[in-house]
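Here's query-v2.txt, which has compact mmCIF, C-alpha atoms:
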# COMPACT_ATOMS: atom_id res chain seq x y z
CA MET A 1312 23.70 -1.59 5.84
CA ILE A 1313 20.87 0.66 6.98
CA ASP A 1314 18.86 -0.75 9.90
CA PHE A 1315 15.12 -0.61 9.20
CA ILE A 1316 14.10 -3.17 11.84
CA SER A 1317 12.86 -0.60 14.34
CA VAL A 1318 10.86 1.41 11.78
CA LEU A 1319 9.33 -1.69 10.21
CA ALA A 1320 8.41 -3.12 13.62
CA ARG A 1321 6.67 0.09 14.63
CA TYR A 1322 4.89 0.26 11.31
CA GLN A 1323 3.67 -3.30 11.72
CA ALA A 1324 2.35 -2.38 15.16
CA LEU A 1325 0.45 0.52 13.58
CA LEU A 1326 -0.94 -1.79 10.90
CA SER A 1327 -2.06 -4.17 13.63
CA GLU A 1328 -4.25 -1.38 15.00
CA VAL A 1329 -5.88 -1.10 11.58
CA ASP A 1330 -6.40 -4.87 11.49
CA ALA A 1331 -8.02 -4.71 14.94
CA TRP A 1332 -10.37 -1.98 13.69
CA PHE A 1333 -11.38 -4.06 10.67
CA THR A 1334 -12.03 -7.09 12.86
CA HIS A 1335 -14.15 -4.95 15.18
CA CYS A 1336 -16.14 -3.67 12.18
CA SER A 1337 -16.73 -7.20 10.93
CA LEU A 1338 -18.08 -8.26 14.32
CA ALA A 1339 -20.18 -5.13 14.76
CA ALA A 1340 -21.68 -5.16 11.27
CA GLY A 1341 -22.14 -8.90 10.99
CA ASP A 1342 -23.27 -10.12 7.58
CA GLN A 1343 -23.23 -6.55 6.24
CA ILE A 1344 -19.51 -7.08 5.60
CA ALA A 1345 -18.71 -9.84 3.13
CA CYS A 1346 -14.92 -9.49 3.43
CA GLN A 1347 -13.46 -12.74 4.74
CA ARG A 1348 -10.61 -15.18 4.26
CA GLY A 1349 -10.37 -16.25 0.63
CA CYS A 1350 -12.22 -13.26 -0.82
CA SER A 1351 -9.91 -11.64 -3.36
CA ALA A 1352 -12.33 -9.35 -5.19
CA CYS A 1353 -10.19 -6.31 -4.37
CA CYS A 1354 -6.85 -7.99 -5.11
CA ARG A 1355 -6.97 -6.94 -8.75
CA GLY A 1356 -5.31 -4.31 -10.88
CA LEU A 1357 -2.73 -1.76 -9.81
CA PHE A 1358 -2.93 0.82 -7.04
CA ASP A 1359 -0.31 3.01 -5.43
CA ILE A 1360 1.37 2.11 -2.16
CA THR A 1361 4.06 3.95 -0.21
CA LEU A 1362 7.73 3.06 -0.42
CA LEU A 1363 7.50 2.06 3.26
CA ASP A 1364 4.71 -0.38 2.39
CA ALA A 1365 6.89 -1.71 -0.42
CA ARG A 1366 9.83 -2.26 1.96
CA LEU A 1367 7.63 -4.11 4.45
CA LEU A 1368 6.08 -6.21 1.70
CA ARG A 1369 9.57 -7.13 0.58
CA GLU A 1370 10.18 -8.66 4.02
CA GLY A 1371 7.32 -11.07 3.43
CA PHE A 1372 8.31 -11.78 -0.17
CA GLU A 1373 11.83 -12.81 0.86
CA GLN A 1374 10.39 -15.42 3.23
CA LEU A 1375 8.65 -17.25 0.37
CA SER A 1376 10.19 -20.33 -1.22
CA GLN A 1377 12.45 -19.79 -4.22
CA ASP A 1378 9.92 -21.39 -6.57
CA ILE A 1379 7.14 -19.06 -5.44
CA GLN A 1380 9.48 -16.06 -5.56
CA GLN A 1381 10.30 -16.86 -9.17
CA THR A 1382 6.61 -17.16 -10.09
CA VAL A 1383 5.78 -13.88 -8.35
CA THR A 1384 8.74 -12.10 -9.94
CA ALA A 1385 7.72 -13.24 -13.42
CA ALA A 1386 4.18 -11.93 -12.89
CA ALA A 1387 5.52 -8.68 -11.44
CA LYS A 1388 7.72 -8.12 -14.49
CA GLN A 1389 4.69 -8.57 -16.73
CA ASN A 1390 2.84 -5.91 -14.71
CA ILE A 1391 5.77 -3.51 -15.04
CA ALA A 1392 5.93 -4.17 -18.78
CA GLY A 1393 2.31 -3.06 -18.97
CA ILE A 1394 3.14 0.19 -17.20
CA ARG A 1395 5.94 0.79 -19.70
CA ASN A 1396 3.35 0.93 -22.47
CA SER A 1397 2.50 4.36 -21.03
CA TRP A 1398 5.84 5.20 -19.42
CA PRO A 1399 8.65 3.57 -21.50
CA ASP A 1400 11.32 4.80 -19.07
CA PHE A 1401 9.64 3.39 -15.95
CA ASP A 1402 12.50 1.63 -14.16
CA GLN A 1403 14.42 1.55 -10.88
CA PRO A 1404 13.41 2.74 -8.35
CA TYR A 1405 9.91 2.41 -9.88
CA LEU A 1406 8.48 5.56 -8.31
CA PHE A 1407 5.30 7.14 -9.65
CA ASN A 1408 6.36 10.56 -8.35
CA SER A 1409 8.49 11.11 -11.44
CA TYR A 1410 5.30 11.38 -13.52
CA PRO A 1411 2.36 13.85 -13.49
CA GLU A 1412 -0.42 12.61 -11.19
CA GLU A 1413 -2.99 13.10 -13.94
CA GLU A 1414 -1.25 10.26 -15.82
CA TRP A 1415 -1.43 7.78 -12.94
CA ASP A 1416 -4.93 6.61 -13.84
CA LEU A 1417 -3.66 5.69 -17.30
CA VAL A 1418 -1.44 2.98 -15.83
CA MET A 1419 -3.86 2.05 -13.03
CA PRO A 1420 -7.26 1.80 -14.77
CA GLU A 1421 -10.15 0.82 -12.49
CA GLU A 1422 -11.35 -1.82 -14.92
CA ASP A 1423 -8.06 -3.76 -14.73
CA GLU A 1424 -8.81 -7.26 -13.38
CA THR A 1425 -5.23 -8.55 -13.44
CA PRO A 1426 -4.63 -10.53 -10.22
CA CYS A 1427 -2.05 -9.21 -7.78
CA PRO A 1428 1.23 -11.12 -8.34
CA LEU A 1429 1.20 -11.97 -4.63
CA LEU A 1430 -2.23 -13.59 -4.76
CA GLY A 1431 -1.96 -17.35 -4.39
CA GLN A 1432 -3.94 -19.82 -6.48
CA ASP A 1433 -6.10 -20.50 -3.42
CA GLY A 1434 -7.20 -16.86 -3.34
CA LEU A 1435 -5.09 -16.06 -0.30
CA CYS A 1436 -2.41 -13.39 -0.02
CA LEU A 1437 1.08 -14.92 0.02
CA VAL A 1438 2.38 -12.16 2.30
CA TYR A 1439 -0.74 -11.42 4.34
CA GLN A 1440 1.03 -10.22 7.48
CA TYR A 1441 3.15 -7.85 5.38
CA ARG A 1442 0.46 -6.47 3.07
CA PRO A 1443 0.20 -2.67 2.52
CA MET A 1444 -1.97 -0.29 4.54
CA THR A 1445 -4.46 0.21 1.70
CA CYS A 1446 -5.10 -3.55 1.48
CA ARG A 1447 -6.14 -3.51 5.14
CA LEU A 1448 -8.47 -0.54 4.73
CA ASN A 1449 -10.28 -1.59 1.58
CA GLY A 1450 -13.98 -2.39 1.68
CA ILE A 1451 -15.19 -0.08 4.44
CA PRO A 1452 -15.59 3.72 4.35
CA MET A 1453 -13.20 5.68 6.52
CA VAL A 1454 -14.90 7.98 9.02
CA ASP A 1455 -12.75 9.48 11.76
CA THR A 1456 -13.96 9.44 15.37
CA SER A 1457 -14.39 13.21 14.97
CA GLY A 1458 -17.02 12.56 12.32
CA GLU A 1459 -14.83 13.68 9.43
CA ILE A 1460 -15.42 11.51 6.35
CA LEU A 1461 -12.03 10.67 4.84
CA PHE A 1462 -13.24 8.14 2.26
CA ASP A 1463 -16.91 7.66 1.42
CA GLU A 1464 -16.80 4.54 -0.77
CA TRP A 1465 -16.99 0.85 0.08
CA CYS A 1466 -17.02 -2.58 -1.55
CA SER A 1467 -20.25 -3.26 -3.47
CA LEU A 1468 -20.46 -6.63 -1.69
CA ASN A 1469 -20.76 -4.86 1.67
CA PHE A 1470 -23.56 -2.88 3.35
CA SER A 1471 -26.41 -3.85 1.04
CA ASP A 1472 -29.06 -2.85 3.59
CA VAL A 1473 -27.49 -0.01 5.60
CA ASP A 1474 -25.58 3.22 5.13
CA PRO A 1475 -22.17 2.60 6.72
CA LEU A 1476 -21.45 6.33 6.87
CA LYS A 1477 -24.08 6.54 9.61
CA MET A 1478 -22.73 3.63 11.65
CA GLN A 1479 -20.93 5.04 14.68
CA GLU A 1480 -19.37 1.66 15.46
CA LEU A 1481 -17.32 1.78 12.25
CA ARG A 1482 -15.54 5.03 13.14
CA PHE A 1483 -11.84 4.97 13.96
CA HIS A 1484 -9.04 7.37 14.86
CA PHE A 1485 -7.86 7.55 11.25
CA ASN A 1486 -6.37 11.03 11.47
CA ASP A 1487 -4.11 9.91 14.31
CA ILE A 1488 -3.17 6.70 12.46
CA PHE A 1489 -2.27 8.59 9.30
CA THR A 1490 -0.25 11.14 11.28
CA GLN A 1491 1.77 8.31 12.84
CA GLU A 1492 2.19 6.71 9.42
CA GLN A 1493 3.53 10.00 8.02
CA LEU A 1494 6.04 10.36 10.84
CA LEU A 1495 7.28 6.80 10.33
CA PHE A 1496 7.56 7.40 6.59
CA ARG A 1497 9.67 10.50 7.15
CA GLU A 1498 11.92 8.58 9.54
CA PHE A 1499 12.19 5.74 7.04
CA THR A 1500 13.21 8.03 4.17
CA GLN A 1501 15.55 9.98 6.43
CA ARG A 1502 17.43 6.75 7.16
CA LEU A 1503 17.29 5.66 3.52
CA PHE A 1504 18.23 8.91 1.76
CA GLY A 1505 19.59 11.17 4.47
CA LYS A 1506 16.61 13.53 4.07
CA PRO A 1507 12.91 12.99 4.83
CA PHE A 1508 10.20 12.74 2.21
CA ASN A 1509 6.48 13.10 2.77
CA GLU A 1510 5.48 10.97 -0.19
CA LEU A 1511 7.07 8.38 -2.46
CA ASP A 1512 4.71 6.02 -4.25
CA THR A 1513 5.06 2.78 -6.16
CA VAL A 1514 2.97 -0.35 -6.82
CA ILE A 1515 2.98 -3.88 -5.41
CA PRO A 1516 4.63 -5.53 -8.47
CA ALA A 1517 7.51 -3.06 -8.23
CA ALA A 1518 8.02 -3.84 -4.55
CA VAL A 1519 9.50 -7.24 -5.38
CA LEU A 1520 11.82 -5.71 -8.00
CA ILE A 1521 13.12 -2.56 -6.27
CA ASP A 1522 16.84 -2.67 -5.52
CA PHE A 1523 16.66 -1.40 -1.94
CA LYS A 1524 20.40 -1.86 -1.46
CA ASN A 1525 21.23 0.66 -4.19
CA LEU A 1526 18.19 2.90 -4.10
CA SER A 1527 18.49 6.41 -5.48
CA ILE A 1528 15.92 9.12 -6.08
CA PRO A 1529 15.48 10.66 -9.55
CA GLU A 1530 16.52 14.30 -9.61
CA GLN A 1531 13.06 15.57 -10.51
CA VAL A 1532 11.56 13.76 -7.49
CA TRP A 1533 14.32 15.05 -5.20
CA LYS A 1534 13.51 18.61 -6.22
CA GLN A 1535 9.85 18.06 -5.38
CA ARG A 1536 10.66 16.91 -1.84
CA THR A 1537 8.57 18.56 0.87
CA THR A 1538 10.05 18.83 4.35

Could you take the file, read its structure, and then write that structure out as structure tokens?
Amino acid sequence: MIDFISVLARYQALLSEVDAWFTHCSLAAGDQIACQRGCSACCRGLFDITLLDARLLREGFEQLSQDIQQTVTAAAKQNIAGIRNSWPDFDQPYLFNSYPEEEWDLVMPEEDETPCPLLGQDGLCLVYQYRPMTCRLNGIPMVDTSGEILFDEWCSLNFSDVDPLKMQELRFHFNDIFTQEQLLFREFTQRLFGKPFNELDTVIPAAVLIDFKNLSIPEQVWKQRTT
């Protein structure tokens, strides 16, 4: 069995840096940031996550009780069935990279309000410590310490009175974080497939269904690999 413990532990340490940044932003911006425990406004619809995020999320999923796992799995299968309305052959290993990127929005429409299958009835994430990178970044614009704007949107519940793009205290070393994430992803895929990939994307519902023990890459995705 392939040992992912080291890679996952280092990735969690990297994610902890992102969490620390978000906490700092919340303290610095005060009531300009509405994001808090129990708010699940962004935990809706589908969005792409990396295969590394999916593997880490799976760690949290497997720690849930059997009853909750069954409930989550049933909801996840419904989500996947919805994707198959556009992509009938969407199946293991549930990678988006087999399909043209211009089609991704068709299966991940912005107006989709379907709750994440890992969102509890109390509005809390069932696998909070294992949630993907994008879940930790959502709600605040991403401006690197260099001043480079990497993402200029934010939650409509936040920053009603100020322009966050001008707030120096919200800046973070994003370019360095994303470089480290890329290196970890390449190491992860090197261990998993024997060759490194720069990008392999899926969605949260698929993460609980992927057969990581017998994972194989579709030929068309393998040919697109960038080293």

(message) So that I can check the surroundings of Ala1392 in chain A, please list as an MDAnalysis selection string every protein, DNA and RNA residue that reaches within 12 Å of it, counting only C-alpha atoms and ignoring chain neighbours fewer than 3 positions away.
(response) chainID A and resid 1385:1389 1395:1402 1405 1418 1516:1517

(message) For range 1421-1431 of chain A, find every residue with an atom within 9 Å (counting all atoms listed in the file), except residues of its own chain fewer than 6 positions away, and show them as a ChimeraX atom specification.
(response) /A:1351,1354-1357,1372,1382-1387,1390,1437-1438,1515-1516

(message) Residues within 10 Å of range 1479-1493 of chain A, please, as a PyMOL selection string. Count all atoms listed in the file; anything in the same chain fewer than 2 positions from it doesn't count.
(response) chain A and resi 1321-1322+1325-1326+1328-1329+1332-1333+1335-1337+1339-1340+1363+1444+1451-1461+1475-1477+1495-1499+1508-1510

Could you save the residues just selected, with C-alpha atoms, as a CSV table (one decimal), in the frame of the given file?
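Here's the written file result01.csv:
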chain,number,residue,atom,x,y,z
A,1321,ARG,CA,6.7,0.1,14.6
A,1322,TYR,CA,4.9,0.3,11.3
A,1325,LEU,CA,0.4,0.5,13.6
A,1326,LEU,CA,-0.9,-1.8,10.9
A,1328,GLU,CA,-4.2,-1.4,15.0
A,1329,VAL,CA,-5.9,-1.1,11.6
A,1332,TRP,CA,-10.4,-2.0,13.7
A,1333,PHE,CA,-11.4,-4.1,10.7
A,1335,HIS,CA,-14.2,-5.0,15.2
A,1336,CYS,CA,-16.1,-3.7,12.2
A,1337,SER,CA,-16.7,-7.2,10.9
A,1339,ALA,CA,-20.2,-5.1,14.8
A,1340,ALA,CA,-21.7,-5.2,11.3
A,1363,LEU,CA,7.5,2.1,3.3
A,1444,MET,CA,-2.0,-0.3,4.5
A,1451,ILE,CA,-15.2,-0.1,4.4
A,1452,PRO,CA,-15.6,3.7,4.4
A,1453,MET,CA,-13.2,5.7,6.5
A,1454,VAL,CA,-14.9,8.0,9.0
A,1455,ASP,CA,-12.8,9.5,11.8
A,1456,THR,CA,-14.0,9.4,15.4
A,1457,SER,CA,-14.4,13.2,15.0
A,1458,GLY,CA,-17.0,12.6,12.3
A,1459,GLU,CA,-14.8,13.7,9.4
A,1460,ILE,CA,-15.4,11.5,6.4
A,1461,LEU,CA,-12.0,10.7,4.8
A,1475,PRO,CA,-22.2,2.6,6.7
A,1476,LEU,CA,-21.4,6.3,6.9
A,1477,LYS,CA,-24.1,6.5,9.6
A,1495,LEU,CA,7.3,6.8,10.3
A,1496,PHE,CA,7.6,7.4,6.6
A,1497,ARG,CA,9.7,10.5,7.2
A,1498,GLU,CA,11.9,8.6,9.5
A,1499,PHE,CA,12.2,5.7,7.0
A,1508,PHE,CA,10.2,12.7,2.2
A,1509,ASN,CA,6.5,13.1,2.8
A,1510,GLU,CA,5.5,11.0,-0.2

(message) With all atoms listed in the file as the counted atoms, please give the residues lying no more than 10 Å from Met1419 in chain A, apart from itself and same-chain residues fewer than 5 positions off, as number ranges by chain.
(response) A: 1356-1359, 1393-1394, 1414, 1514

(request) Report the distance between CA of Leu1319 in chain A and CA of Leu1406 in chain A in Å, rounded to one decimal place. (result)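 Calculated distance between CA of Leu1319 in chain A and CA of Leu1406 in chain A is 19.9 Å.
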
(message) I need the residue nearest Asn1469 in chain A from this list: A:Asp1342, A:Glu1373, A:Glu1412, A:Asp1433. Use all atoms listed in the file for the distance.
(response) A:Asp1342

(request) Give the answer as one residue: which of A:Cys1353, A:Ala1324, A:Ile1316, A:Val1473 has the shortest atom-to-atom distance to Gly1341 in chain A, using all atoms listed in the file? (result) A:Val1473

(request) Record the distance separating CA of Ser1527 in chain A and CA of Ser1317 in chain A, expressed in Å with one decimal. (result)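 CA of Ser1317 in chain A lies at a distance of 21.8 Å from CA of Ser1527 in chain A.
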
(request) Between CA of Ile1521 in chain A and CA of Ala1352 in chain A, measure the distance and give it in Å to one decimal. (result) 26.4 Å

(request) Would you mind listing what lies within 8 Å of Ser1409 in chain A as a PyMOL selection string, with only C-alpha atoms counted and same-chain residues fewer than 2 positions away left out? (result) chain A and resi 1406-1407+1411+1529+1531-1532

(message) Ranking A:Asp1364, A:Asp1472, A:Glu1370, A:Asp1463 by minimum distance to Leu1511 in chain A and counting all atoms listed in the file, which one comes first?
(response)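 Going through A:Asp1364, A:Asp1472, A:Glu1370, A:Asp1463 one by one, the smallest distance to Leu1511 in chain A is for A:Asp1364.
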
Please reconstruct the missing atoms of range 1400-1413 of chain A (target: N, CA and C atoms) and return them as an mmCIF file, in the coordinates of the input.
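After the write, result-v1.cif holds the following:
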data_model
loop_
_atom_site.group_PDB
_atom_site.id
_atom_site.type_symbol
_atom_site.label_atom_id
_atom_site.label_comp_id
_atom_site.auth_asym_id
_atom_site.auth_seq_id
_atom_site.Cartn_x
_atom_site.Cartn_y
_atom_site.Cartn_z
ATOM 1 N N ASP A 1400 10.118 4.692 -19.896
ATOM 2 C CA ASP A 1400 11.320 4.800 -19.070
ATOM 3 C C ASP A 1400 11.080 4.411 -17.623
ATOM 4 N N PHE A 1401 9.945 3.787 -17.331
ATOM 5 C CA PHE A 1401 9.640 3.390 -15.950
ATOM 6 C C PHE A 1401 10.575 2.277 -15.514
ATOM 7 N N ASP A 1402 11.466 2.578 -14.581
ATOM 8 C CA ASP A 1402 12.500 1.630 -14.160
ATOM 9 C C ASP A 1402 12.888 1.942 -12.725
ATOM 10 N N GLN A 1403 13.945 1.294 -12.230
ATOM 11 C CA GLN A 1403 14.420 1.550 -10.880
ATOM 12 C C GLN A 1403 14.480 3.054 -10.604
ATOM 13 N N PRO A 1404 13.989 3.492 -9.469
ATOM 14 C CA PRO A 1404 13.410 2.740 -8.350
ATOM 15 C C PRO A 1404 11.892 2.572 -8.428
ATOM 16 N N TYR A 1405 11.330 2.668 -9.636
ATOM 17 C CA TYR A 1405 9.910 2.410 -9.880
ATOM 18 C C TYR A 1405 8.986 3.319 -9.079
ATOM 19 N N LEU A 1406 9.302 4.599 -9.042
ATOM 20 C CA LEU A 1406 8.480 5.560 -8.310
ATOM 21 C C LEU A 1406 7.541 6.303 -9.253
ATOM 22 N N PHE A 1407 6.290 6.423 -8.853
ATOM 23 C CA PHE A 1407 5.300 7.140 -9.650
ATOM 24 C C PHE A 1407 5.517 8.650 -9.596
ATOM 25 N N ASN A 1408 6.226 9.124 -8.581
ATOM 26 C CA ASN A 1408 6.360 10.560 -8.350
ATOM 27 C C ASN A 1408 7.175 11.268 -9.429
ATOM 28 N N SER A 1409 7.768 10.513 -10.321
ATOM 29 C CA SER A 1409 8.490 11.110 -11.440
ATOM 30 C C SER A 1409 7.543 11.543 -12.558
ATOM 31 N N TYR A 1410 6.268 11.143 -12.443
ATOM 32 C CA TYR A 1410 5.300 11.380 -13.520
ATOM 33 C C TYR A 1410 4.132 12.232 -13.012
ATOM 34 N N PRO A 1411 3.501 13.016 -13.888
ATOM 35 C CA PRO A 1411 2.360 13.850 -13.490
ATOM 36 C C PRO A 1411 1.228 12.972 -12.925
ATOM 37 N N GLU A 1412 0.621 13.409 -11.826
ATOM 38 C CA GLU A 1412 -0.420 12.610 -11.190
ATOM 39 C C GLU A 1412 -1.610 12.356 -12.111
ATOM 40 N N GLU A 1413 -1.865 13.289 -13.041
ATOM 41 C CA GLU A 1413 -2.990 13.100 -13.940
ATOM 42 C C GLU A 1413 -2.775 11.921 -14.888
#
